[in-house]
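**Student:** One file is attached below, entry.pdb, containing PDB, C-alpha atoms and all ligand atoms.
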```pdb
ATOM      1  CA  MET R 172     137.430  -8.098 200.526
ATOM      2  CA  GLU R 173     139.729  -5.128 199.828
ATOM      3  CA  ARG R 174     137.369  -4.076 197.007
ATOM      4  CA  ILE R 175     134.344  -4.103 199.345
ATOM      5  CA  LYS R 176     136.297  -2.030 201.888
ATOM      6  CA  LEU R 177     137.122   0.544 199.205
ATOM      7  CA  ALA R 178     133.513   0.599 197.978
ATOM      8  CA  ILE R 179     132.240   1.142 201.528
ATOM      9  CA  GLU R 180     134.801   3.878 202.167
ATOM     10  CA  ARG R 181     133.849   5.654 198.912
ATOM     11  CA  ALA R 182     130.159   5.351 199.747
ATOM     12  CA  ARG R 183     130.780   6.688 203.251
ATOM     13  CA  GLN R 184     132.642   9.712 201.903
ATOM     14  CA  LEU R 185     129.775  10.364 199.502
ATOM     15  CA  THR R 186     127.175  10.031 202.230
ATOM     16  CA  LEU R 187     129.058  12.365 204.523
ATOM     17  CA  THR R 188     129.344  14.954 201.737
ATOM     18  CA  GLN R 189     125.641  14.634 200.981
ATOM     19  CA  HIS R 190     124.918  14.720 204.675
ATOM     20  CA  ASP R 191     126.776  18.011 205.110
ATOM     21  CA  SER R 192     124.846  19.728 202.356
ATOM     22  CA  VAL R 193     121.488  18.324 203.475
ATOM     23  CA  VAL R 194     122.163  19.293 207.074
ATOM     24  CA  SER R 195     122.966  22.888 206.128
ATOM     25  CA  ALA R 196     119.886  22.966 203.859
ATOM     26  CA  ALA R 197     117.816  21.546 206.711
ATOM     27  CA  VAL R 198     119.079  24.228 209.063
ATOM     28  CA  ARG R 199     117.857  26.884 206.670
ATOM     29  CA  SER R 200     114.478  25.266 206.031
ATOM     30  CA  ALA R 201     111.698  24.257 208.392
ATOM     31  CA  PRO R 202     112.473  21.258 210.638
ATOM     32  CA  PRO R 203     110.913  17.934 209.592
ATOM     33  CA  GLU R 204     107.810  16.574 211.273
ATOM     34  CA  PRO R 205     109.073  14.533 214.232
ATOM     35  CA  ASP R 206     107.004  11.401 213.593
ATOM     36  CA  THR R 207     107.777  10.949 209.918
ATOM     37  CA  PRO R 208     110.909   9.411 208.385
ATOM     38  CA  ALA R 209     111.369  12.540 206.249
ATOM     39  CA  ALA R 210     114.660  13.635 207.796
ATOM     40  CA  ALA R 211     116.256  10.241 207.397
ATOM     41  CA  ASP R 212     114.882   9.928 203.892
ATOM     42  CA  ARG R 213     116.373  13.185 202.688
ATOM     43  CA  GLY R 214     119.778  12.000 203.726
ATOM     44  CA  VAL R 215     120.087  13.543 207.188
ATOM     45  CA  ALA R 216     122.256  10.899 208.795
ATOM     46  CA  VAL R 217     120.250  10.461 211.964
ATOM     47  CA  ASN R 218     121.555   6.936 212.583
ATOM     48  CA  LEU R 219     124.721   6.649 210.539
ATOM     49  CA  LEU R 220     126.020   3.135 211.159
ATOM     50  CA  PRO R 221     128.698   2.196 208.633
ATOM     51  CA  LEU R 222     129.137  -1.408 207.531
ATOM     52  CA  ASP R 223     132.083  -3.778 207.869
ATOM     53  CA  ALA R 224     133.406  -5.328 204.648
ATOM     54  CA  GLY R 225     134.495  -8.649 206.158
ATOM     55  CA  HIS R 226     131.169  -9.155 207.890
ATOM     56  CA  LEU R 227     129.255  -8.451 204.675
ATOM     57  CA  GLU R 228     131.355 -10.885 202.694
ATOM     58  CA  ARG R 229     130.802 -13.635 205.276
ATOM     59  CA  HIS R 230     127.063 -13.052 205.063
ATOM     60  CA  ARG R 231     126.913 -13.148 201.261
ATOM     61  CA  VAL R 232     126.254  -9.457 200.764
ATOM     62  CA  VAL R 233     127.930  -9.197 197.371
ATOM     63  CA  THR R 234     126.342  -6.136 195.784
ATOM     64  CA  LEU R 235     128.797  -3.590 197.218
ATOM     65  CA  ASP R 236     131.700  -5.153 195.362
ATOM     66  CA  GLN R 237     131.844  -3.932 191.740
ATOM     67  CA  GLY R 238     134.245  -6.739 190.853
ATOM     68  CA  ASN R 239     132.146  -9.574 192.267
ATOM     69  CA  PRO R 240     130.555 -11.560 189.417
ATOM     70  CA  LEU R 241     127.605 -12.386 191.679
ATOM     71  CA  ARG R 242     126.740  -8.705 191.808
ATOM     72  CA  GLN R 243     125.818  -8.864 188.108
ATOM     73  CA  SER R 244     123.175 -11.470 188.866
ATOM     74  CA  PHE R 245     121.578  -9.171 191.421
ATOM     75  CA  ASP R 246     121.787  -6.169 189.090
ATOM     76  CA  LEU R 247     120.012  -8.235 186.425
ATOM     77  CA  LEU R 248     117.347  -9.227 188.938
ATOM     78  CA  ARG R 249     117.070  -5.584 190.059
ATOM     79  CA  THR R 250     116.548  -4.347 186.504
ATOM     80  CA  GLN R 251     113.875  -6.953 185.805
ATOM     81  CA  VAL R 252     112.123  -6.183 189.089
ATOM     82  CA  LEU R 253     112.276  -2.399 188.579
ATOM     83  CA  GLN R 254     110.976  -2.617 185.012
ATOM     84  CA  LYS R 255     108.023  -4.691 186.073
ATOM     85  CA  MET R 256     107.304  -2.457 189.061
ATOM     86  CA  GLN R 257     107.549   0.695 186.975
ATOM     87  CA  GLU R 258     105.160  -0.748 184.382
ATOM     88  CA  HIS R 259     102.498  -0.985 187.085
ATOM     89  CA  GLY R 260     103.489   2.004 189.210
ATOM     90  CA  TRP R 261     104.411  -0.317 192.107
ATOM     91  CA  ARG R 262     106.804   0.797 194.851
ATOM     92  CA  THR R 263     106.622  -1.857 197.542
ATOM     93  CA  ILE R 264     107.877  -5.407 197.116
ATOM     94  CA  ALA R 265     107.676  -8.327 199.530
ATOM     95  CA  VAL R 266     110.294 -11.085 199.561
ATOM     96  CA  THR R 267     109.127 -14.484 200.759
ATOM     97  CA  SER R 268     109.716 -18.185 200.120
ATOM     98  CA  PRO R 269     107.886 -21.518 200.310
ATOM     99  CA  SER R 270     109.988 -22.713 203.252
ATOM    100  CA  MET R 271     112.659 -21.620 205.729
ATOM    101  CA  GLN R 272     116.298 -20.933 204.954
ATOM    102  CA  SER R 273     115.795 -20.341 201.235
ATOM    103  CA  GLY R 274     117.938 -17.195 201.197
ATOM    104  CA  LYS R 275     115.164 -14.566 201.433
ATOM    105  CA  THR R 276     117.146 -12.263 203.693
ATOM    106  CA  VAL R 277     120.309 -12.529 201.614
ATOM    107  CA  VAL R 278     118.343 -11.828 198.413
ATOM    108  CA  ALA R 279     116.333  -8.972 200.004
ATOM    109  CA  ILE R 280     119.526  -7.240 201.199
ATOM    110  CA  ASN R 281     121.366  -7.650 197.893
ATOM    111  CA  LEU R 282     118.312  -6.605 195.882
ATOM    112  CA  ALA R 283     117.814  -3.475 198.008
ATOM    113  CA  LEU R 284     121.498  -2.536 197.700
ATOM    114  CA  SER R 285     121.398  -3.088 193.960
ATOM    115  CA  ILE R 286     118.309  -0.846 193.706
ATOM    116  CA  ALA R 287     120.194   1.791 195.737
ATOM    117  CA  HIS R 288     122.963   1.758 193.099
ATOM    118  CA  HIS R 289     120.416   2.643 190.429
ATOM    119  CA  PRO R 290     120.867   6.289 189.403
ATOM    120  CA  SER R 291     117.233   7.325 189.833
ATOM    121  CA  ARG R 292     116.117   5.097 192.700
ATOM    122  CA  THR R 293     116.698   4.732 196.398
ATOM    123  CA  ALA R 294     115.875   1.717 198.534
ATOM    124  CA  LEU R 295     114.537   1.132 202.006
ATOM    125  CA  LEU R 296     114.888  -2.401 203.358
ATOM    126  CA  VAL R 297     112.362  -3.272 206.063
ATOM    127  CA  ASP R 298     112.716  -6.381 208.241
ATOM    128  CA  PHE R 299     109.168  -7.643 208.572
ATOM    129  CA  ASP R 300     110.218 -11.125 209.588
ATOM    130  CA  LEU R 301     109.041 -10.616 213.148
ATOM    131  CA  ARG R 302     109.745 -14.256 214.055
ATOM    132  CA  ARG R 303     113.338 -14.621 212.816
ATOM    133  CA  PRO R 304     114.610 -11.096 212.143
ATOM    134  CA  ARG R 305     118.030 -11.337 210.499
ATOM    135  CA  VAL R 306     118.589  -8.226 208.393
ATOM    136  CA  ALA R 307     120.471  -6.353 211.134
ATOM    137  CA  SER R 308     122.737  -9.284 211.973
ATOM    138  CA  CYS R 309     123.492  -9.993 208.286
ATOM    139  CA  LEU R 310     124.456  -6.356 207.768
ATOM    140  CA  GLY R 311     126.314  -6.247 211.091
ATOM    141  CA  LEU R 312     124.332  -3.275 212.399
ATOM    142  CA  PRO R 313     124.863  -2.507 216.082
ATOM    143  CA  ASP R 314     121.967  -3.199 218.424
ATOM    144  CA  GLU R 315     120.506   0.289 218.633
ATOM    145  CA  HIS R 316     117.583   1.457 216.560
ATOM    146  CA  SER R 317     114.725  -0.836 215.583
ATOM    147  CA  LEU R 318     111.177  -1.354 214.442
ATOM    148  CA  ASN R 319     110.425  -3.103 217.762
ATOM    149  CA  GLU R 320     110.316   0.199 219.633
ATOM    150  CA  VAL R 321     108.159   1.751 216.886
ATOM    151  CA  LEU R 322     105.695  -1.142 217.066
ATOM    152  CA  ASP R 323     105.683  -0.902 220.870
ATOM    153  CA  GLY R 324     104.852   2.804 220.542
ATOM    154  CA  LYS R 325     108.116   3.780 222.282
ATOM    155  CA  ALA R 326     109.880   5.409 219.323
ATOM    156  CA  GLU R 327     109.014   7.409 216.246
ATOM    157  CA  LEU R 328     109.359   5.844 212.827
ATOM    158  CA  GLY R 329     112.032   8.275 211.598
ATOM    159  CA  SER R 330     114.271   7.542 214.569
ATOM    160  CA  ALA R 331     114.396   3.810 213.761
ATOM    161  CA  ILE R 332     115.601   4.200 210.168
ATOM    162  CA  VAL R 333     119.286   3.471 209.813
ATOM    163  CA  HIS R 334     121.736   4.861 207.278
ATOM    164  CA  ALA R 335     124.404   2.278 206.620
ATOM    165  CA  GLY R 336     126.814   4.647 204.882
ATOM    166  CA  ILE R 337     125.673   3.609 201.400
ATOM    167  CA  PRO R 338     124.057   6.410 199.362
ATOM    168  CA  GLY R 339     120.396   5.782 198.622
ATOM    169  CA  PHE R 340     120.191   2.828 201.025
ATOM    170  CA  GLN R 341     118.321   2.806 204.312
ATOM    171  CA  VAL R 342     117.277   0.039 206.667
ATOM    172  CA  LEU R 343     114.443  -0.355 209.122
ATOM    173  CA  PRO R 344     115.769  -3.268 211.225
ATOM    174  CA  THR R 345     113.932  -5.508 213.656
ATOM    175  CA  ARG R 346     115.981  -6.642 216.646
ATOM    176  CA  ARG R 347     113.777  -8.995 218.579
ATOM    177  CA  LYS R 348     111.067 -11.519 217.833
ATOM    178  CA  MET R 349     107.615 -10.006 218.285
ATOM    179  CA  PRO R 350     104.931 -12.103 219.972
ATOM    180  CA  GLY R 351     101.744 -12.366 217.909
ATOM    181  CA  ALA R 352     103.634 -11.567 214.699
ATOM    182  CA  ALA R 353     100.703 -12.202 212.343
ATOM    183  CA  GLU R 354      98.359  -9.994 214.384
ATOM    184  CA  VAL R 355     100.986  -7.242 214.535
ATOM    185  CA  LEU R 356     101.490  -7.394 210.756
ATOM    186  CA  ALA R 357      97.733  -7.294 210.164
ATOM    187  CA  SER R 358      97.301  -4.322 212.514
ATOM    188  CA  GLU R 359      96.304  -0.795 211.586
ATOM    189  CA  ARG R 360      99.570   0.469 213.039
ATOM    190  CA  VAL R 361     101.575  -1.560 210.518
ATOM    191  CA  GLY R 362      99.240  -0.391 207.742
ATOM    192  CA  ARG R 363      99.946   3.212 208.765
ATOM    193  CA  ILE R 364     103.706   2.592 208.922
ATOM    194  CA  ILE R 365     103.690   1.173 205.389
ATOM    195  CA  SER R 366     101.589   4.098 204.081
ATOM    196  CA  THR R 367     103.883   6.646 205.738
ATOM    197  CA  LEU R 368     106.985   5.017 204.284
ATOM    198  CA  ARG R 369     105.360   4.783 200.863
ATOM    199  CA  ASP R 370     104.070   8.367 200.800
ATOM    200  CA  ASP R 371     107.300   9.804 202.044
ATOM    201  CA  ASN R 372     109.313   9.424 198.857
ATOM    202  CA  PRO R 373     107.811   8.484 195.473
ATOM    203  CA  GLU R 374     111.221   7.520 194.036
ATOM    204  CA  ARG R 375     111.975   5.064 196.798
ATOM    205  CA  ILE R 376     111.440   1.328 196.446
ATOM    206  CA  ILE R 377     110.625  -0.434 199.702
ATOM    207  CA  VAL R 378     111.782  -4.052 200.014
ATOM    208  CA  PHE R 379     110.168  -6.066 202.822
ATOM    209  CA  ASP R 380     111.894  -9.196 204.109
ATOM    210  CA  LEU R 381     109.142 -11.596 205.251
ATOM    211  CA  PRO R 382     108.912 -15.113 206.741
ATOM    212  CA  PRO R 383     108.049 -18.146 204.578
ATOM    213  CA  VAL R 384     104.542 -18.055 203.131
ATOM    214  CA  THR R 385     103.519 -21.641 203.881
ATOM    215  CA  ALA R 386     104.753 -21.859 207.487
ATOM    216  CA  VAL R 387     102.807 -19.026 209.125
ATOM    217  CA  ASP R 388     100.020 -16.586 208.235
ATOM    218  CA  ASP R 389     102.197 -13.446 208.630
ATOM    219  CA  VAL R 390     102.741 -13.096 204.883
ATOM    220  CA  ILE R 391      99.064 -13.360 203.981
ATOM    221  CA  ALA R 392      98.303 -10.901 206.779
ATOM    222  CA  VAL R 393     100.589  -8.173 205.472
ATOM    223  CA  LEU R 394     100.534  -8.717 201.690
ATOM    224  CA  PRO R 395      97.335  -6.685 201.148
ATOM    225  CA  HIS R 396      99.472  -3.621 202.027
ATOM    226  CA  MET R 397     102.110  -4.420 199.405
ATOM    227  CA  ASP R 398     102.196  -3.976 195.659
ATOM    228  CA  CYS R 399     103.924  -7.183 194.636
ATOM    229  CA  VAL R 400     105.800 -10.216 195.870
ATOM    230  CA  LEU R 401     108.944 -12.097 194.877
ATOM    231  CA  LEU R 402     109.234 -15.786 195.767
ATOM    232  CA  ILE R 403     112.684 -17.139 196.635
ATOM    233  CA  VAL R 404     112.960 -20.866 196.081
ATOM    234  CA  GLY R 405     116.065 -22.363 197.676
ATOM    235  CA  SER R 406     117.356 -25.158 195.497
ATOM    236  CA  GLY R 407     116.944 -28.298 197.618
ATOM    237  CA  SER R 408     115.219 -26.322 200.424
ATOM    238  CA  SER R 409     111.606 -26.496 199.224
ATOM    239  CA  THR R 410     109.523 -29.435 198.094
ATOM    240  CA  LYS R 411     107.293 -29.369 195.017
ATOM    241  CA  ARG R 412     104.295 -29.505 197.333
ATOM    242  CA  GLU R 413     105.516 -26.401 199.235
ATOM    243  CA  ILE R 414     106.098 -24.521 195.987
ATOM    244  CA  GLU R 415     102.613 -25.378 194.750
ATOM    245  CA  ALA R 416     101.108 -24.397 198.111
ATOM    246  CA  SER R 417     102.944 -21.047 197.906
ATOM    247  CA  ARG R 418     101.487 -20.380 194.466
ATOM    248  CA  ARG R 419      98.011 -21.057 195.800
ATOM    249  CA  HIS R 420      98.569 -18.754 198.806
ATOM    250  CA  LEU R 421      99.890 -16.003 196.557
ATOM    251  CA  ALA R 422      97.308 -16.427 193.780
ATOM    252  CA  ARG R 423      95.361 -13.277 194.695
ATOM    253  CA  PHE R 424      98.497 -11.117 194.998
ATOM    254  CA  ASN R 425     100.835  -9.763 192.328
ATOM    255  CA  LEU R 426     103.483 -12.468 192.087
ATOM    256  CA  LEU R 427     106.360 -10.811 190.269
ATOM    257  CA  GLY R 428     108.302 -14.008 189.762
ATOM    258  CA  PHE R 429     110.547 -16.674 191.258
ATOM    259  CA  VAL R 430     114.207 -16.565 192.146
ATOM    260  CA  VAL R 431     115.859 -19.962 192.350
ATOM    261  CA  ASN R 432     118.598 -19.561 194.939
ATOM    262  CA  LYS R 433     121.454 -21.781 196.123
ATOM    263  CA  VAL R 434     121.943 -23.294 192.693
ATOM    264  CA  ASN R 435     125.196 -25.200 192.353
ATOM    265  CA  GLN R 436     127.336 -22.986 190.120
ATOM    266  CA  ARG R 437     129.089 -25.983 188.585
ATOM    267  CA  THR R 438     125.781 -27.217 187.237
ATOM    268  CA  ALA R 439     124.319 -23.820 186.350
ATOM    269  CA  ARG R 440     126.470 -22.233 183.668
ATOM    270  CA  ASN R 441     126.764 -18.413 183.903
ATOM    271  CA  ALA R 442     124.282 -18.328 186.708
ATOM    272  CA  TYR R 443     124.193 -17.635 190.401
ATOM    273  CA  TYR R 444     120.471 -18.133 190.151
TER     274      TYR R 444
HETATM  275  N1  LIG D   1     123.003 -18.517 197.139
HETATM  276  C1  LIG D   1     123.379 -19.057 198.300
HETATM  277  N2  LIG D   1     124.296 -20.036 198.330
HETATM  278  C2  LIG D   1     124.686 -20.601 199.501
HETATM  279  N3  LIG D   1     124.196 -20.250 200.700
HETATM  280  C3  LIG D   1     123.277 -19.280 200.737
HETATM  281  C4  LIG D   1     122.812 -18.624 199.538
HETATM  282  N4  LIG D   1     121.893 -17.698 199.896
HETATM  283  C5  LIG D   1     121.787 -17.762 201.243
HETATM  284  N5  LIG D   1     122.615 -18.697 201.752
HETATM  285  C6  LIG D   1     122.789 -19.072 203.158
HETATM  286  O1  LIG D   1     121.624 -19.773 203.593
HETATM  287  C7  LIG D   1     121.326 -19.446 204.948
HETATM  288  C8  LIG D   1     119.914 -18.879 205.017
HETATM  289  O2  LIG D   1     119.901 -17.640 204.318
HETATM  290  P1  LIG D   1     118.853 -16.527 204.708
HETATM  291  O3  LIG D   1     118.921 -16.193 206.148
HETATM  292  O4  LIG D   1     118.989 -15.432 203.723
HETATM  293  O5  LIG D   1     117.512 -17.378 204.419
HETATM  294  P2  LIG D   1     116.036 -17.028 204.828
HETATM  295  O6  LIG D   1     115.151 -17.638 203.792
HETATM  296  O7  LIG D   1     115.904 -15.572 205.069
HETATM  297  O8  LIG D   1     115.906 -17.836 206.196
HETATM  298  P3  LIG D   1     114.719 -17.719 207.260
HETATM  299  O9  LIG D   1     113.587 -18.565 206.729
HETATM  300  O10 LIG D   1     115.332 -18.268 208.516
HETATM  301  O11 LIG D   1     114.348 -16.272 207.369
HETATM  302  C9  LIG D   1     122.371 -18.430 205.394
HETATM  303  O12 LIG D   1     123.388 -19.133 206.067
HETATM  304  C10 LIG D   1     122.898 -17.860 204.084
HETATM  305  O13 LIG D   1     124.223 -17.388 204.167
HETATM  306 MG    MG D   2     115.231 -14.459 206.702
END
```
Kindly return the structure encoded in the file as structure tokens.
Ligand SMILES: Nc1ncnc2c1ncn2[C@@H]1O[C@H](COP(=O)(O)OP(=O)(O)OP(=O)(O)O)[C@@H](O)[C@H]1O
Ligand SMILES: [Mg+2]
**Tutor:**
Amino acid sequence: MERIKLAIERARQLTLTQHDSVVSAAVRSAPPEPDTPAAADRGVAVNLLPLDAGHLERHRVVTLDQGNPLRQSFDLLRTQVLQKMQEHGWRTIAVTSPSMQSGKTVVAINLALSIAHHPSRTALLVDFDLRRPRVASCLGLPDEHSLNEVLDGKAELGSAIVHAGIPGFQVLPTRRKMPGAAEVLASERVGRIISTLRDDNPERIIVFDLPPVTAVDDVIAVLPHMDCVLLIVGSGSSTKREIEASRRHLARFNLLGFVVNKVNQRTARNAYY
């Protein structure tokens, strides 16, 4: 845990240094458009909410700890994902699973953090699980800024993006369940939000945490807006029938691959996944 604390502290120092220079640059240049996430994206720490090492460790966020062997598994996954996405010019990736509790949120967070460590990429993690939003609680973010207010038309997109004190890593959290989740995700407003986030920074990879694909129609509703999809199969969590059904549901989208999660390490040599 000490190593995670040090990593967070180093990252925070870096962010604050970057923040200072960006703020002074921003003062000299024209102010950003109020309803775009541009300010947050350039590093202006609008919502700087640093993370707690103990909380992260308890929630299986392992990619901030250089010494954690599990981090290597996520870095390997990150490199494979980035290579494939680069090949096709893709910048948005959805994370889903055949059934509940497969580890989607844990994988989405660790994947986004690992992408943020990449020297030429930044990552934005968006919680699009409007039925069981868990990104904010896993990261231990205080209950302040969220996508809920943006979707309700009460806040601008830029004001909901959170900087967690990790360079190159931003979060768009969801705090509360949204009624009519599938309709919301299929709406023009969500389409515009995704386009704005995508257009805002060509170097940024956007990772969307979604609900399971077989349980509800939310995933099918929103996937047309996304470049590709990663399927997280929790070992022992999904049946063969659910996995096959997921493949059928995802057949017309760009399925990047499968991640088998929750594998018993004693039976899987050298592998977290
Ligand atoms: N590799 C793993 N090994 C053991 N437990 C894990 C692993 N990955 C995730 N978990 C645990 O499984 C539970 C579910 O994880 P998570 O919330 O990421 O799943 P999910 O697929 O997003 O769930 P939901 O369908 O509710 O959104 C959590 O308690 C998490 O800590
Ligand atoms: Mg989840």
**Student:** Carefully work through the PyMOL selection byres (((not hetatm)) within 6 of (chain D and resi 2)) for this structure and note down the residues it includes, as a PDB file with C-alpha atoms, in the frame of the given file.
**Tutor:**
```pdb
ATOM      1  CA  LYS R 275     115.164 -14.566 201.433  1.00  0.00           C
ATOM      2  CA  THR R 276     117.146 -12.263 203.693  1.00  0.00           C
ATOM      3  CA  ARG R 305     118.030 -11.337 210.499  1.00  0.00           C
TER       4      ARG R 305
END
```
**Student:** Could you list, with a cut-off of 7 Å and counting all atoms listed in the file, the residues of chain R near ligand LIG 1 (chain D), each shown with its nearest atom pair and the distance in Å rounded to one decimal, rows sorted by chain and ascending number, as a Markdown table?
**Tutor:**
```
| residue | atom | partner | partner_atom | distance |
| --- | --- | --- | --- | --- |
| R:His230 | CA | D:LIG1 | O13 | 5.3 |
| R:Arg231 | CA | D:LIG1 | O13 | 5.8 |
| R:Ser268 | CA | D:LIG1 | O6 | 6.6 |
| R:Ser270 | CA | D:LIG1 | O9 | 6.5 |
| R:Met271 | CA | D:LIG1 | O9 | 3.3 |
| R:Gln272 | CA | D:LIG1 | O8 | 3.4 |
| R:Ser273 | CA | D:LIG1 | O6 | 3.8 |
| R:Gly274 | CA | D:LIG1 | O4 | 3.3 |
| R:Lys275 | CA | D:LIG1 | O7 | 3.8 |
| R:Thr276 | CA | D:LIG1 | O4 | 3.7 |
| R:Val277 | CA | D:LIG1 | O4 | 3.8 |
| R:Val278 | CA | D:LIG1 | O4 | 6.4 |
| R:Asp300 | CA | D:LIG1 | O11 | 7.0 |
| R:Arg303 | CA | D:LIG1 | O11 | 5.8 |
| R:Arg305 | CA | D:LIG1 | O3 | 6.6 |
| R:Pro382 | CA | D:LIG1 | O11 | 5.6 |
| R:Pro383 | CA | D:LIG1 | O9 | 6.0 |
| R:Asn432 | CA | D:LIG1 | N1 | 5.0 |
| R:Lys433 | CA | D:LIG1 | N1 | 3.8 |
| R:Val434 | CA | D:LIG1 | N1 | 6.6 |
| R:Tyr443 | CA | D:LIG1 | N1 | 6.9 |
```
**Student:** What is the CA of Gly238 in chain R to CA of Val333 in chain R distance in Å?
**Tutor:**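 About the pair CA of Gly238 in chain R and CA of Val333 in chain R: they are 26.2 Å apart.
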**Student:** Quick one: which residues end up in the PyMOL selection byres (((chain R and resi 407-421) around 7) and not hetatm) for this structure, as a VMD selection string?
**Tutor:** chain R and resid 269 to 270 273 384 to 385 404 to 406 422 to 424 426
**Student:** May I ask which of the residues R:Leu295, R:Ile403, R:Val361, R:Leu356 is the closest one to Pro373 in chain R, counting only C-alpha atoms?
**Tutor:**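 Closest to Pro373 in chain R of all the choices is R:Leu295.
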**Student:** Tell me, in Å to one decimal, how far CA of His334 in chain R is from CA of Thr293 in chain R.
**Tutor:** 12.0 Å
**Student:** Centre and edge lengths, as JSON, for the axis-aligned box enclosing every listed atom of range 311-325 of chain R with 3 Å of padding on each of the six sides, in Å to one decimal?
**Tutor:**
```
{"center_x": 115.6, "center_y": -1.2, "center_z": 216.7, "size_x": 27.5, "size_y": 16.0, "size_z": 17.2}
```
**Student:** Looking at R:Ala392, R:Met397, R:Val342, R:Leu427, which one is nearest to Arg262 in chain R, with distances taken over all atoms listed in the file?
**Tutor:**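 Among the listed residues, the smallest separation from Arg262 in chain R belongs to R:Met397.
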**Student:** Find, counting all atoms listed in the file, the residue in R:Val321, R:Val430, R:Gly225, R:Thr267 that gets nearest to Val390 in chain R.
**Tutor:**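 Under the stated criterion, the closest residue is R:Thr267.
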**Student:** Care to translate the PyMOL selection byres (((chain R and resi 243) around 12) and not hetatm) into actual residues of this file, as a ChimeraX atom specification?
**Tutor:** /R:233-242,244-250,281-282,285,441-444
**Student:** What does the file look like for those residues with C-alpha atoms, as a PDB file, in the frame of the given file?
**Tutor:**
```pdb
ATOM      1  CA  VAL R 233     127.930  -9.197 197.371  1.00  0.00           C
ATOM      2  CA  THR R 234     126.342  -6.136 195.784  1.00  0.00           C
ATOM      3  CA  LEU R 235     128.797  -3.590 197.218  1.00  0.00           C
ATOM      4  CA  ASP R 236     131.700  -5.153 195.362  1.00  0.00           C
ATOM      5  CA  GLN R 237     131.844  -3.932 191.740  1.00  0.00           C
ATOM      6  CA  GLY R 238     134.245  -6.739 190.853  1.00  0.00           C
ATOM      7  CA  ASN R 239     132.146  -9.574 192.267  1.00  0.00           C
ATOM      8  CA  PRO R 240     130.555 -11.560 189.417  1.00  0.00           C
ATOM      9  CA  LEU R 241     127.605 -12.386 191.679  1.00  0.00           C
ATOM     10  CA  ARG R 242     126.740  -8.705 191.808  1.00  0.00           C
ATOM     11  CA  SER R 244     123.175 -11.470 188.866  1.00  0.00           C
ATOM     12  CA  PHE R 245     121.578  -9.171 191.421  1.00  0.00           C
ATOM     13  CA  ASP R 246     121.787  -6.169 189.090  1.00  0.00           C
ATOM     14  CA  LEU R 247     120.012  -8.235 186.425  1.00  0.00           C
ATOM     15  CA  LEU R 248     117.347  -9.227 188.938  1.00  0.00           C
ATOM     16  CA  ARG R 249     117.070  -5.584 190.059  1.00  0.00           C
ATOM     17  CA  THR R 250     116.548  -4.347 186.504  1.00  0.00           C
ATOM     18  CA  ASN R 281     121.366  -7.650 197.893  1.00  0.00           C
ATOM     19  CA  LEU R 282     118.312  -6.605 195.882  1.00  0.00           C
ATOM     20  CA  SER R 285     121.398  -3.088 193.960  1.00  0.00           C
ATOM     21  CA  ASN R 441     126.764 -18.413 183.903  1.00  0.00           C
ATOM     22  CA  ALA R 442     124.282 -18.328 186.708  1.00  0.00           C
ATOM     23  CA  TYR R 443     124.193 -17.635 190.401  1.00  0.00           C
ATOM     24  CA  TYR R 444     120.471 -18.133 190.151  1.00  0.00           C
TER      25      TYR R 444
END
```
**Student:** Could you please determine the separation between CA of Glu359 in chain R and CA of Glu327 in chain R in Å, to one decimal place?
**Tutor:** 15.8 Å
**Student:** For the point (105.4, -10.2, 205.4) in file coordinates, what residues are within 10 Å, counting only C-alpha atoms? Give the answer as number ranges by chain?
**Tutor:** R: 264-267, 297-301, 352-353, 356-357, 379-384, 387-397, 400
**Student:** With distances taken over all atoms listed in the file, which of R:Gly339, R:Pro344, R:Gly428, R:Pro350 is nearest to Arg375 in chain R?
**Tutor:**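 Among R:Gly339, R:Pro344, R:Gly428, R:Pro350, it is R:Gly339 that comes nearest to Arg375 in chain R.
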